[in-house]
Amino acid sequence: MIIENIKLAIISLRANKLRALLTMLGIIIGVGSVIAIVTIGDAMTGNINSEWAGFGAKNISIQVSDRNSNNYDPSFDYSNYEWSEPKQSELITEKMVEDYRQKYSSSIEAITITNTLSTIRFTNGRYKVNAEVIGVNPDAKISDKIQMIAGEFITTNDISNKKKTIVVSDRFVQEYYGNRIDPKDAIGNTIILDKENKIEKLYISGVYRYQEQDGAMVYNKDSGTKAYIPYSLAYQIQDSSIGFKNLTVVPREEVDAKEFLISTSAYFESYYVSNEKITAVTSSMASMLKSMNKMLDQIKLGIGGVAAISLLVGGIGVMNIMMVSVTERTREIGIRMALGAKGSIIRFQFLVEAMMVSLCGGIIGIVMGLSIGAIVANVMKYQAKPSLFVILSSVLFSLAIGMFFGYMPANKASQLDPIEALRYE
């Protein structure tokens, strides 16, 4: 009986194609809008997650700062509070870092120490290149995912002896030497670093592969590439004692980032228990990423909810057209009842027809939504990620709309008086 009713519904739709299409329009627009919004939103979320993963979403940042700079308390009187900058004696020391590394050696892949000098222009006759000079330790190779082409990266020996070495990119070599030499031939060559008239003669110990990166989170491309020197040499150039205000910890892949963040926070805060003004603040991009994903989900839900209003309009359209259909087919209903058809059978027939109208509209809407979502995601250079759950939900929701809004007309048809129906013209 179900198959027969479906066939009758299809025949009815084909007999009134334009009317059926106009009836479906609200369903098509509603389902299509929701699918498109979810597809685009998921594509954006996936792209953001992959970009942040590339920047090390699990990485833990440790910063020595004023206790109240990261813990705003609206009840606290800040009018007379003096913000404190960490003194040299309050900074993280090399021993603290090594003790931390030994204690959590099984959880740590790298601990990156950085001391950025500035963006410096290197000149070689008529050739010039800008480079962001950064003092680092050997672990920076892991956190920055540096691929060496020739030579070696900064070593522990370079740091211990404050060696005047520098690691540059192949792009740096090309611009500095005007494409006259191969990056591998630059190893051992000397370049002059001039920072505020303080001249340092450095020799190139390594060349890494420069990788162009997109996104707002990368350094300013106008500053050129990055050039790495031993952090001990960077402190010497700045005429300051070694002490770290910032550290970045890269946990191993299998480590629970949340638990390790708590352990790391407790470890470094223990050094500042008796310090009333300064402490070590730890944070992770993973928590920020989680908050951002939650915010994007709420935005998708809000916009999707607005788009879903058209489904209500579409449902009313289905109910309206089914009422018209019942009126037009009153005599047909009377004949069927006179031949012995029960009211429940008549009701079921019109319910199936209403559900078929909604289902067809839902399927067209899904195709339209996926197409629009894929096109927009492609224009935004995101990878479209259709949600199977949302697609199946749309199909079921379309059927539910047909059933809900089709029930009243179907019920009206089932309660017609056969004699009155046969008299209807």
# chains A, B, ... in the order shown; residues from 1 in each chain; ligands from 1
>>> residues_around(residues="A:Ile363", least_positions_apart="3", cutoff="12 Å", atoms="only C-alpha atoms", output="VMD selection string")
chain A and resid 24 to 25 27 to 32 35 356 to 360 366 to 370 391 to 399
>>> select_by_dssp(residues="stretch 83-313 of chain A", states="helix (DSSP H, G or I)", output="ChimeraX atom specification")
/A:88-90,94-103,140-143,156-160,170-176,183-186,221-223,231-237,257-272,285-307,309-313
>>> select_by_dssp(residues="stretch 192-259 of chain A", states="strand (DSSP E)", output="PyMOL selection string")
chain A and resi 192-195+198-208+225-230+246-251
>>> write_last_selection(atoms="C-alpha atoms", output="tab-separated table (two decimals), in the first residue's frame")
chain	number	residue	atom	x	y	z
A	192	ILE	CA	77.99	42.05	8.52
A	193	LEU	CA	75.25	42.65	11.10
A	194	ASP	CA	74.84	46.33	11.88
A	195	LYS	CA	72.49	46.97	14.81
A	198	LYS	CA	77.13	47.96	16.67
A	199	ILE	CA	78.95	45.88	14.07
A	200	GLU	CA	79.14	42.10	14.28
A	201	LYS	CA	80.89	39.93	11.70
A	202	LEU	CA	78.99	36.64	11.41
A	203	TYR	CA	79.67	33.57	9.32
A	204	ILE	CA	76.92	31.53	7.71
A	205	SER	CA	76.83	28.10	9.34
A	206	GLY	CA	73.61	26.87	7.74
A	207	VAL	CA	71.01	27.53	5.08
A	208	TYR	CA	67.39	26.45	5.50
A	225	THR	CA	62.99	36.19	6.08
A	226	LYS	CA	64.15	34.98	9.46
A	227	ALA	CA	67.81	34.66	10.35
A	228	TYR	CA	68.85	32.68	13.44
A	229	ILE	CA	71.80	33.26	15.75
A	230	PRO	CA	72.69	31.70	19.15
A	246	ASN	CA	59.14	33.94	27.29
A	247	LEU	CA	59.45	30.23	26.52
A	248	THR	CA	57.59	27.90	24.17
A	249	VAL	CA	57.24	24.22	25.02
A	250	VAL	CA	56.36	21.67	22.33
A	251	PRO	CA	54.80	18.57	23.95
>>> residues_around(residues="A:Phe260", least_positions_apart="5", cutoff="10 Å", atoms="only C-alpha atoms", output="ChimeraX atom specification")
/A:58,60,104,107-108,251,255,265-266
>>> residues_around(residues="stretch 268-281 of chain A", least_positions_apart="5", cutoff="12 Å", atoms="only C-alpha atoms", output="PyMOL selection string")
chain A and resi 60-71+81-93+96-97+99-101+244-248+261-263
>>> residues_around(residues="stretch 148-163 of chain A", least_positions_apart="4", cutoff="9 Å", atoms="only C-alpha atoms", output="ChimeraX atom specification")
/A:136-141,167,169-170,183-188,202,204-209,228-234,236
>>> closest_residue(among="A:Asn16, A:Ser371, A:Ser33, A:Ser118", to="A:Ile303", atoms="only C-alpha atoms")
A:Ser33
>>> atom_distance(atom1="atom CA of A:Phe405", atom2="atom CA of A:Gly315")
5.8 Å
>>> closest_residue(among="A:Gln102, A:Met322, A:Asn293, A:Ile111", to="A:Asp144", atoms="only C-alpha atoms")
A:Ile111
>>> closest_atom_pairs(of="stretch 281-344 of chain A", to="stretch 409-418 of chain A", cutoff="10 Å", atoms="only C-alpha atoms", output="tab-separated table")
residue	atom	partner	partner_atom	distance
A:Val318	CA	A:Pro409	CA	9.7
A:Met319	CA	A:Pro409	CA	6.7
A:Asn320	CA	A:Pro409	CA	8.3
A:Ile321	CA	A:Pro409	CA	9.1
A:Met322	CA	A:Pro409	CA	5.9
A:Met323	CA	A:Pro409	CA	5.1
A:Val324	CA	A:Pro409	CA	8.7
A:Ser325	CA	A:Pro409	CA	8.6
A:Val326	CA	A:Ala413	CA	6.1
A:Thr327	CA	A:Ala413	CA	8.5
A:Arg329	CA	A:Ala413	CA	9.1
A:Thr330	CA	A:Ala413	CA	7.6
A:Arg331	CA	A:Pro418	CA	8.6
A:Glu332	CA	A:Pro418	CA	9.9
A:Ile333	CA	A:Ala413	CA	7.3
A:Gly334	CA	A:Pro418	CA	4.5
A:Ile335	CA	A:Pro418	CA	7.3
A:Arg336	CA	A:Pro418	CA	8.5
A:Met337	CA	A:Pro418	CA	5.9
A:Ala338	CA	A:Pro418	CA	6.2
A:Leu339	CA	A:Pro418	CA	9.8
A:Ala341	CA	A:Ser414	CA	9.7
A:Lys342	CA	A:Ser414	CA	7.8
A:Gly343	CA	A:Ser414	CA	4.3
A:Ser344	CA	A:Ser414	CA	6.5
>>> atom_distance(atom1="atom CA of A:Ile364", atom2="atom CA of A:Ala400")
16.3 Å
>>> residues_around(residues="stretch 373-383 of chain A", least_positions_apart="3", cutoff="7 Å", atoms="only C-alpha atoms", output="JSON, numbers by chain")
{"A": [36, 37, 39, 40, 43, 44, 47, 369, 370]}
>>> write_last_selection(atoms="C-alpha atoms", output="CSV table (one decimal), in the first residue's frame")
chain,number,residue,atom,x,y,z
A,36,ALA,CA,25.3,26.0,2.5
A,37,ILE,CA,25.9,27.8,5.8
A,39,THR,CA,29.2,23.6,4.7
A,40,ILE,CA,30.9,27.0,4.6
A,43,ALA,CA,35.2,24.5,5.8
A,44,MET,CA,36.2,27.7,7.7
A,47,ASN,CA,40.9,25.5,7.7
A,369,GLY,CA,23.1,23.9,-0.7
A,370,LEU,CA,26.1,21.6,-1.3
>>> closest_residue(among="A:Gly406, A:Gly304, A:Gly317, A:Gly340", to="A:Val352", atoms="only C-alpha atoms")
A:Gly406
